[in-house]
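First comes the structure, then the notes that go with it.
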Number of protein chains: 2
Amino acid sequence: MIHLSLIGIGTGDPEHLTLQAIRALNRADLILLPRKGPDKSDLAELRRLICASHVSADAQVVEFDLPQRVASATSYLESVHAWHDAVASCWGKMIGAHRPNGGTVALMVWGDPSLYDSSLRIAERLRSRGLQLQANVIPGLTSLQLLAAVHSIPLNTLGAPVMITTGRHLRNHGWPQAVDTLVVMLDGECSFEKLPPQNTTIYWAAYLGMPQQLMLCGPLESTGPRIRQARVAARAEHGWIMDIYLLRRRDGPRAH
Amino acid sequence: MIHLSLIGIGTGDPEHLTLQAIRALNRADLILLPRKGPDKSDLAELRRLICASHVSADAQVVEFDLPQRVASATSYLESVHAWHDAVASCWGKMIGAHRPNGGTVALMVWGDPSLYDSSLRIAERLRSRGLQLQANVIPGLTSLQLLAAVHSIPLNTLGAPVMITTGRHLRNHGWPQAVDTLVVMLDGECSFEKLPPQNTTIYWAAYLGMPQQLMLCGPLESTGPRIRQARVAARAEHGWIMDIYLLRRRDGPRAH
């Protein structure tokens with residue numbers, strides 16, 4: 001039996017780790033550490049740093065190259081499914097090679113395994129292929145909380161709902177009537193530019209918790225173009241970018 | 001100048017603390033520890049335990065009684081505003097008494113200060129009354145992540161949005177068309193009973209991270225009544241309850 005610990009590690013500051021996460025890392029027989037290509041070597045480097053600082057020497061740390069998602073000719077979801085299949089095969093191979101007789105395997109998950117993360121779905125694939133595997137989640141801080149923290153704002157206005165969505169979903173479906181606060185993740189295309197910019201405030205941040213952290217906020221009309229510019233420059237400088245933003249309608253119910 | 005650290009502490013397990021939170025607690029000159037009445041003494045007890053385990057002896061820990069919210073004759077929001085005013089006065093009095101010449105004051109916030117928490121709004125009130133105060137947020141795990149972790153589920157289906165809302169809002173506005181996943185917090189009234197129960201799965205948990213943690217999941221039709229029963233029994237036993245649930249439409253887009 002494989003006990004798979006999916007451990008949320010926060011978003012880039014090793015001090016985002018919880019005590020529970022450190023304990024779980026130290027209980028693992030094997031820590032699998034994914035490499036996502038040379039452009040994202042910062043991300044592997046953070047995981048190495050976490051191991052070096054917080055994991056006793058007993059655990060075996062094994063690095064592996066994560067397959068990249070290939071855009072599908074047919075649909076976005078199909079390309080995601082194919083990618084998850086490939087990642088599952090990759091995990092399966094590493095587990096088979098290093099823990100053929102079972103044990104506890106840990107994976108450090110950026111943010112938290114519950115939010116726009118595939119680890120639970122990939123674990124499910126391994127199980128459905130016949131691997132005796134039990135997945136266990138150790139929650140971590142998400143960029144959602146970090147974004148609110150760096151801007152010192154609450155996510156919600158008083159008693160009101162918040163919607164969390166993706167750039168792709170926002171482009172395809174627009175801003176739903178039901179909410180005045182929208183948090184957008186996984187947006188590589190500045191999808192806020194598709195919205196009418198009036199009466200909206202945007203709170204944006206990138207590389208949350210990392211030394212290169214950036215943040216901007218203000219009326220969408222004037223701040224949107226500055227965010228596009230900052231994204232382009234930062235991506236060119238660092239080779240990758242991860243960002244998130246919150247949009248708030250200013251003509252929503254005055255609730256605070 | 002008062003530097004106010006609002007420190008998210010997670011939801012009941014001292015191991016939910018991040019390394020950053022522990023560092024921030026130890027940097028404080030004064031830690032204010034609210035008591036919320038005899039029914040909720042467990043919550044004050046957890047904060048005392050955190051101080052005893054993780055804070056060096058240098059910081060001054062001062063307990064105080066938090067005013068209770070009084071239901072207003074006119075509206076829910078009005079009663080909340082009056083309550084925030086009273087809490088601000090209370091914080092102001094404690095800060096004036098113990099840090100008249102400024103310093104760093106810490107407050108441990110259940111979950112995270114960004115989600116259905118009033119600390120930032122109360123800090124803003126103190127500032128608008130003329131106190132030189134700068135608030136700084138240290139994020140913590142929320143019950144949102146804990147709920148997903150104990151059920152080993154992702155919050156979102158593949159690429160789809162999630163709405164976070166309150167029991168009150170769900171009762172007044174129903175389930176919005178725009179989302180198939182709804183997370184409901186602050187619901188003392190089993191508001192899921194107002195929904196058509198067909199084709200919906202509910203994932204519920206209470207006292208997340210605490211020894212008395214409870215969880216139930218299944219079709220809303222059959223699980224809803226069991227949750228009501230479990231809530232009543234647990235509240236009678238412990239004197240208080242904090243719970244959260246996720247609702248997922250089963251006839252939503254098949255996305256995973």
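Residue numbering restarts at 1 in every chain; chains get A, B, ... in the order shown in the structure tokens, and ligands count up from 1 in that same order.
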Only residues of chain A matter here; which ones have an atom within 8 Å of chain B, counting only C-alpha atoms? Give them as a short mmCIF file (atom, residue, chain, number, x, y, z; two decimals) with N, CA and C atoms, in the first residue's frame.
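That gives us iface16.cif:
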data_model
loop_
_atom_site.label_atom_id
_atom_site.label_comp_id
_atom_site.auth_asym_id
_atom_site.auth_seq_id
_atom_site.Cartn_x
_atom_site.Cartn_y
_atom_site.Cartn_z
N GLU A 15 8.43 30.13 4.70
CA GLU A 15 7.73 30.34 5.98
C GLU A 15 6.21 30.21 5.86
N HIS A 16 5.73 29.97 4.63
CA HIS A 16 4.31 29.64 4.48
C HIS A 16 4.01 28.23 4.97
N LEU A 17 5.02 27.43 5.18
CA LEU A 17 4.80 26.05 5.64
C LEU A 17 4.10 26.02 6.98
N THR A 18 3.17 25.09 7.14
CA THR A 18 2.57 24.88 8.46
C THR A 18 3.39 23.84 9.22
N LEU A 19 3.19 23.80 10.53
CA LEU A 19 3.85 22.78 11.35
C LEU A 19 3.44 21.39 10.91
N GLN A 20 2.16 21.27 10.52
CA GLN A 20 1.62 20.00 10.05
C GLN A 20 2.33 19.54 8.76
N LEU A 77 -10.08 20.72 -22.40
CA LEU A 77 -10.26 19.66 -21.41
C LEU A 77 -9.58 18.37 -21.86
N ASP A 112 -2.39 25.02 -2.40
CA ASP A 112 -3.16 24.00 -1.68
C ASP A 112 -3.71 22.99 -2.69
N PRO A 113 -3.72 21.70 -2.34
CA PRO A 113 -4.19 20.69 -3.31
C PRO A 113 -5.66 20.83 -3.70
N SER A 114 -6.42 21.69 -3.03
CA SER A 114 -7.86 21.76 -3.33
C SER A 114 -8.21 22.75 -4.44
N LEU A 115 -7.29 23.64 -4.78
CA LEU A 115 -7.69 24.76 -5.64
C LEU A 115 -6.90 24.77 -6.95
N TYR A 116 -7.60 24.48 -8.05
CA TYR A 116 -6.99 24.46 -9.38
C TYR A 116 -5.66 23.71 -9.35
N ASP A 117 -5.71 22.53 -8.74
CA ASP A 117 -4.55 21.66 -8.70
C ASP A 117 -5.01 20.26 -9.10
N LEU A 120 -5.00 15.48 -6.78
CA LEU A 120 -6.00 14.50 -6.35
C LEU A 120 -6.54 13.71 -7.54
N ARG A 121 -6.70 14.39 -8.68
CA ARG A 121 -7.21 13.68 -9.88
C ARG A 121 -6.18 12.70 -10.41
N ALA A 135 -4.68 8.54 -0.70
CA ALA A 135 -4.18 9.91 -0.72
C ALA A 135 -4.66 10.66 0.51
N ASN A 136 -3.81 11.51 1.01
CA ASN A 136 -4.05 12.24 2.24
C ASN A 136 -3.61 13.69 1.99
N VAL A 137 -4.49 14.65 2.27
CA VAL A 137 -4.17 16.04 1.95
C VAL A 137 -3.75 16.81 3.20
N ILE A 138 -2.64 17.50 3.12
CA ILE A 138 -2.21 18.45 4.16
C ILE A 138 -2.38 19.84 3.56
N PRO A 139 -3.34 20.62 4.07
CA PRO A 139 -3.63 21.89 3.40
C PRO A 139 -2.51 22.92 3.52
N GLY A 140 -2.45 23.79 2.55
CA GLY A 140 -1.45 24.86 2.55
C GLY A 140 -2.09 26.20 2.20
N LEU A 141 -1.39 27.28 2.47
CA LEU A 141 -1.90 28.61 2.09
C LEU A 141 -2.04 28.68 0.57
N GLN A 145 -5.39 33.70 -0.30
CA GLN A 145 -5.15 34.32 1.00
C GLN A 145 -3.98 35.29 0.96
N LEU A 146 -2.96 34.89 0.21
CA LEU A 146 -1.77 35.74 0.10
C LEU A 146 -2.11 37.06 -0.57
N ALA A 148 -5.01 38.62 -0.64
CA ALA A 148 -5.75 39.47 0.31
C ALA A 148 -4.80 40.04 1.37
N ALA A 149 -3.86 39.22 1.82
CA ALA A 149 -2.94 39.66 2.88
C ALA A 149 -2.05 40.79 2.41
N VAL A 150 -1.46 40.67 1.22
CA VAL A 150 -0.52 41.72 0.80
C VAL A 150 -1.24 43.05 0.55
N SER A 152 -3.92 43.86 2.27
CA SER A 152 -4.68 44.14 3.52
C SER A 152 -6.15 44.39 3.24
N ILE A 153 -6.76 43.49 2.47
CA ILE A 153 -8.20 43.59 2.20
C ILE A 153 -8.87 42.27 2.56
N PRO A 154 -10.15 42.35 2.96
CA PRO A 154 -10.91 41.09 3.06
C PRO A 154 -11.31 40.64 1.65
N LEU A 155 -11.45 39.35 1.45
CA LEU A 155 -11.92 38.85 0.16
C LEU A 155 -13.36 39.26 -0.08
N ASN A 156 -14.18 39.13 0.94
CA ASN A 156 -15.62 39.41 0.79
C ASN A 156 -15.97 40.78 1.35
N LEU A 158 -19.10 42.72 3.39
CA LEU A 158 -19.81 42.21 4.57
C LEU A 158 -20.96 41.26 4.20
N GLY A 159 -20.81 39.99 4.58
CA GLY A 159 -21.86 39.00 4.36
C GLY A 159 -22.11 38.62 2.91
N ALA A 160 -21.28 39.13 1.99
CA ALA A 160 -21.51 38.90 0.56
C ALA A 160 -20.63 37.77 0.02
N PRO A 161 -21.07 37.15 -1.08
CA PRO A 161 -20.31 36.02 -1.62
C PRO A 161 -19.10 36.45 -2.45
N VAL A 162 -18.23 35.47 -2.70
CA VAL A 162 -17.03 35.66 -3.51
C VAL A 162 -17.00 34.52 -4.52
N MET A 163 -16.68 34.82 -5.76
CA MET A 163 -16.49 33.74 -6.71
C MET A 163 -15.03 33.62 -7.09
N ILE A 164 -14.55 32.38 -7.09
CA ILE A 164 -13.18 32.09 -7.54
C ILE A 164 -13.30 31.47 -8.91
N THR A 165 -12.57 31.99 -9.86
CA THR A 165 -12.70 31.45 -11.21
C THR A 165 -11.35 31.51 -11.94
N THR A 166 -11.35 31.11 -13.19
CA THR A 166 -10.11 31.11 -13.98
C THR A 166 -10.21 32.15 -15.09
N ARG A 168 -9.69 31.68 -18.22
CA ARG A 168 -10.42 31.07 -19.34
C ARG A 168 -11.93 31.16 -19.12
N HIS A 169 -12.37 30.84 -17.90
CA HIS A 169 -13.81 30.86 -17.61
C HIS A 169 -14.36 32.28 -17.69
N PRO A 176 -20.40 37.00 -13.70
CA PRO A 176 -21.79 36.64 -13.35
C PRO A 176 -22.46 37.71 -12.48
N ALA A 178 -24.38 37.34 -10.10
CA ALA A 178 -24.60 36.94 -8.70
C ALA A 178 -23.55 37.46 -7.72
N ALA A 255 -21.64 47.56 1.41
CA ALA A 255 -21.82 46.65 2.54
C ALA A 255 -20.74 46.76 3.60
N HIS A 256 -19.88 47.76 3.50
CA HIS A 256 -18.91 47.90 4.59
C HIS A 256 -18.43 49.33 4.72
#
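Look at A:Asp39: the protein and nucleic acid residues within 9 Å of it, using only C-alpha atoms and passing over chain neighbours fewer than 2 places away, are Lys36, Gly37, Ser41, Asp42, His238, Gly239 and Trp240 of chain A.
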| message | Which residues are close to A:Pro225, i.e. within 10 Å by only C-alpha atoms, leaving aside same-chain residues fewer than 6 positions away? Reply as a PyMOL selection string. | response | chain A and resi 190+193+231
Restricting it to all heavy atoms, dump the selection as a compact mmCIF listing (two decimals), in the first residue's frame.
# COMPACT_ATOMS: atom_id res chain seq x y z
N CYS A 190 -4.56 38.30 -19.38
CA CYS A 190 -5.15 39.57 -18.96
C CYS A 190 -6.64 39.62 -19.32
O CYS A 190 -7.10 40.59 -19.95
CB CYS A 190 -4.41 40.75 -19.58
SG CYS A 190 -2.72 40.95 -18.99
N GLU A 193 -9.27 42.49 -19.38
CA GLU A 193 -9.43 43.47 -20.47
C GLU A 193 -10.72 43.26 -21.26
O GLU A 193 -11.14 44.15 -22.00
CB GLU A 193 -8.22 43.40 -21.42
CG GLU A 193 -6.94 43.87 -20.75
CD GLU A 193 -5.70 43.71 -21.63
OE1 GLU A 193 -5.80 43.01 -22.65
OE2 GLU A 193 -4.65 44.27 -21.26
N ARG A 231 3.28 42.61 -16.23
CA ARG A 231 3.32 41.17 -16.51
C ARG A 231 4.34 40.86 -17.60
O ARG A 231 5.13 39.93 -17.50
CB ARG A 231 1.96 40.68 -17.02
CG ARG A 231 0.92 40.41 -15.99
CD ARG A 231 -0.24 39.63 -16.63
NE ARG A 231 -0.22 38.25 -16.22
CZ ARG A 231 0.15 37.22 -16.94
NH1 ARG A 231 0.58 37.41 -18.17
NH2 ARG A 231 0.12 36.01 -16.46
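What separates atom CA of B:Gly103 from atom CA of B:Cys90 is a distance of 17.6 Å.
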| said: Please return, as a PyMOL selection string, all residues of stretch 12-74 of chain A that DSSP assigns to alpha helix (DSSP H) on the basis of the backbone. | reply: chain A and resi 19-27+41-54
Restricted to N, CA and C atoms, what would the selected residues look like written as a PDB file, in the first residue's frame?
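In the end it all went to part-v6.pdb:
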ATOM      1  N   LEU A  19       3.189  23.797  10.529  1.00  0.00           N
ATOM      2  CA  LEU A  19       3.855  22.784  11.349  1.00  0.00           C
ATOM      3  C   LEU A  19       3.436  21.386  10.910  1.00  0.00           C
ATOM      4  N   GLN A  20       2.156  21.266  10.523  1.00  0.00           N
ATOM      5  CA  GLN A  20       1.617  19.995  10.050  1.00  0.00           C
ATOM      6  C   GLN A  20       2.329  19.540   8.761  1.00  0.00           C
ATOM      7  N   ALA A  21       2.595  20.492   7.886  1.00  0.00           N
ATOM      8  CA  ALA A  21       3.267  20.160   6.625  1.00  0.00           C
ATOM      9  C   ALA A  21       4.689  19.673   6.889  1.00  0.00           C
ATOM     10  N   ILE A  22       5.373  20.336   7.806  1.00  0.00           N
ATOM     11  CA  ILE A  22       6.747  19.925   8.133  1.00  0.00           C
ATOM     12  C   ILE A  22       6.744  18.520   8.724  1.00  0.00           C
ATOM     13  N   ARG A  23       5.773  18.263   9.596  1.00  0.00           N
ATOM     14  CA  ARG A  23       5.677  16.926  10.192  1.00  0.00           C
ATOM     15  C   ARG A  23       5.416  15.875   9.103  1.00  0.00           C
ATOM     16  N   ALA A  24       4.505  16.192   8.192  1.00  0.00           N
ATOM     17  CA  ALA A  24       4.169  15.224   7.137  1.00  0.00           C
ATOM     18  C   ALA A  24       5.371  14.957   6.231  1.00  0.00           C
ATOM     19  N   LEU A  25       6.128  15.994   5.915  1.00  0.00           N
ATOM     20  CA  LEU A  25       7.324  15.792   5.077  1.00  0.00           C
ATOM     21  C   LEU A  25       8.317  14.860   5.767  1.00  0.00           C
ATOM     22  N   ASN A  26       8.434  15.039   7.081  1.00  0.00           N
ATOM     23  CA  ASN A  26       9.404  14.225   7.813  1.00  0.00           C
ATOM     24  C   ASN A  26       8.943  12.795   8.057  1.00  0.00           C
ATOM     25  N   ARG A  27       7.654  12.555   7.873  1.00  0.00           N
ATOM     26  CA  ARG A  27       7.142  11.187   8.021  1.00  0.00           C
ATOM     27  C   ARG A  27       7.312  10.377   6.736  1.00  0.00           C
ATOM     28  N   SER A  41      12.659  26.826 -13.010  1.00  0.00           N
ATOM     29  CA  SER A  41      13.589  26.209 -12.064  1.00  0.00           C
ATOM     30  C   SER A  41      13.477  26.838 -10.674  1.00  0.00           C
ATOM     31  N   ASP A  42      13.002  28.088 -10.585  1.00  0.00           N
ATOM     32  CA  ASP A  42      12.770  28.724  -9.278  1.00  0.00           C
ATOM     33  C   ASP A  42      11.859  27.852  -8.408  1.00  0.00           C
ATOM     34  N   LEU A  43      10.850  27.245  -9.052  1.00  0.00           N
ATOM     35  CA  LEU A  43       9.849  26.490  -8.294  1.00  0.00           C
ATOM     36  C   LEU A  43      10.448  25.206  -7.725  1.00  0.00           C
ATOM     37  N   ALA A  44      11.278  24.529  -8.524  1.00  0.00           N
ATOM     38  CA  ALA A  44      11.959  23.333  -8.006  1.00  0.00           C
ATOM     39  C   ALA A  44      12.940  23.749  -6.913  1.00  0.00           C
ATOM     40  N   GLU A  45      13.566  24.892  -7.123  1.00  0.00           N
ATOM     41  CA  GLU A  45      14.561  25.371  -6.158  1.00  0.00           C
ATOM     42  C   GLU A  45      13.923  25.616  -4.789  1.00  0.00           C
ATOM     43  N   LEU A  46      12.712  26.175  -4.780  1.00  0.00           N
ATOM     44  CA  LEU A  46      12.032  26.387  -3.499  1.00  0.00           C
ATOM     45  C   LEU A  46      11.789  25.054  -2.803  1.00  0.00           C
ATOM     46  N   ARG A  47      11.366  24.050  -3.565  1.00  0.00           N
ATOM     47  CA  ARG A  47      11.108  22.743  -2.953  1.00  0.00           C
ATOM     48  C   ARG A  47      12.405  22.145  -2.394  1.00  0.00           C
ATOM     49  N   ARG A  48      13.496  22.320  -3.128  1.00  0.00           N
ATOM     50  CA  ARG A  48      14.794  21.827  -2.614  1.00  0.00           C
ATOM     51  C   ARG A  48      15.167  22.523  -1.312  1.00  0.00           C
ATOM     52  N   LEU A  49      14.906  23.833  -1.285  1.00  0.00           N
ATOM     53  CA  LEU A  49      15.231  24.623  -0.097  1.00  0.00           C
ATOM     54  C   LEU A  49      14.403  24.151   1.105  1.00  0.00           C
ATOM     55  N   ILE A  50      13.111  23.868   0.857  1.00  0.00           N
ATOM     56  CA  ILE A  50      12.243  23.377   1.930  1.00  0.00           C
ATOM     57  C   ILE A  50      12.787  22.055   2.469  1.00  0.00           C
ATOM     58  N   CYS A  51      13.177  21.155   1.569  1.00  0.00           N
ATOM     59  CA  CYS A  51      13.737  19.871   2.015  1.00  0.00           C
ATOM     60  C   CYS A  51      15.002  20.099   2.836  1.00  0.00           C
ATOM     61  N   ALA A  52      15.876  20.960   2.314  1.00  0.00           N
ATOM     62  CA  ALA A  52      17.156  21.177   2.994  1.00  0.00           C
ATOM     63  C   ALA A  52      16.950  21.798   4.373  1.00  0.00           C
ATOM     64  N   SER A  53      15.952  22.697   4.499  1.00  0.00           N
ATOM     65  CA  SER A  53      15.782  23.411   5.765  1.00  0.00           C
ATOM     66  C   SER A  53      14.950  22.634   6.778  1.00  0.00           C
ATOM     67  N   HIS A  54      13.997  21.846   6.305  1.00  0.00           N
ATOM     68  CA  HIS A  54      12.999  21.333   7.238  1.00  0.00           C
ATOM     69  C   HIS A  54      12.858  19.815   7.281  1.00  0.00           C
TER      70      HIS A  54
END
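Minimum atom-to-atom distances from A:Tyr203, A:Arg171, A:Lys40, A:Ile122 to A:Trp83 were compared using only C-alpha atoms, and the lowest value belongs to A:Ile122.
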| field | Selection near stretch 215-222 of chain B, 12 Å with only C-alpha atoms, sequence-local residues under 6 positions removed, as a ChimeraX atom specification | value | /B:146-153,190-209,228-231,234,243-250
| query | DSSP says strand (DSSP E or B) for which residues of stretch 3-151 of chain B? Put them as a PyMOL selection string? | reply | chain B and resi 3-8+10+18+30-35+60-65+103-109+111+133-138
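Atom CA of A:Arg35 lies 15.0 Å from atom CA of A:Ala106.
Neighbouring residues of B:Ala59 at 7 Å or closer, counting only C-alpha atoms and skipping chain neighbours under 5 positions away, are Asn26, Ala28, Asp29, Leu30 and Ile31 of chain B.
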Written selection (all heavy atoms) as a compact mmCIF listing (two decimals), in the first residue's frame:
# COMPACT_ATOMS: atom_id res chain seq x y z
N ASN B 26 5.96 36.02 17.89
CA ASN B 26 7.12 36.27 18.73
C ASN B 26 7.71 37.67 18.56
O ASN B 26 8.51 38.10 19.38
CB ASN B 26 8.19 35.20 18.48
CG ASN B 26 7.88 33.93 19.25
OD1 ASN B 26 8.03 33.89 20.47
ND2 ASN B 26 7.39 32.92 18.55
N ALA B 28 5.74 40.27 18.55
CA ALA B 28 4.77 41.20 19.15
C ALA B 28 5.20 41.64 20.56
O ALA B 28 5.74 40.84 21.32
CB ALA B 28 3.40 40.54 19.21
N ASP B 29 4.94 42.90 20.86
CA ASP B 29 5.13 43.37 22.24
C ASP B 29 3.94 42.95 23.10
O ASP B 29 4.05 42.74 24.30
CB ASP B 29 5.22 44.91 22.26
CG ASP B 29 6.33 45.43 21.39
OD1 ASP B 29 7.49 44.98 21.57
OD2 ASP B 29 6.05 46.27 20.51
N LEU B 30 2.78 42.91 22.47
CA LEU B 30 1.54 42.63 23.19
C LEU B 30 0.68 41.69 22.34
O LEU B 30 0.48 41.95 21.15
CB LEU B 30 0.79 43.95 23.42
CG LEU B 30 -0.63 43.87 23.97
CD1 LEU B 30 -0.63 43.36 25.41
CD2 LEU B 30 -1.31 45.26 23.90
N ILE B 31 0.21 40.62 22.95
CA ILE B 31 -0.74 39.73 22.26
C ILE B 31 -2.09 39.86 22.95
O ILE B 31 -2.20 39.61 24.15
CB ILE B 31 -0.26 38.27 22.29
CG1 ILE B 31 1.09 38.13 21.58
CG2 ILE B 31 -1.30 37.34 21.65
CD1 ILE B 31 1.72 36.74 21.66
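The list of residues with at least one atom within 9 Å of A:Val87, based on only C-alpha atoms and without residues fewer than 5 positions apart in the same chain, reads Leu66, Pro67, Gln68, Ala82, Gly92 and Ile122 of chain A.
A straight line drawn from atom CA of B:Asp85 to atom CA of B:Phe64 is 16.0 Å long.
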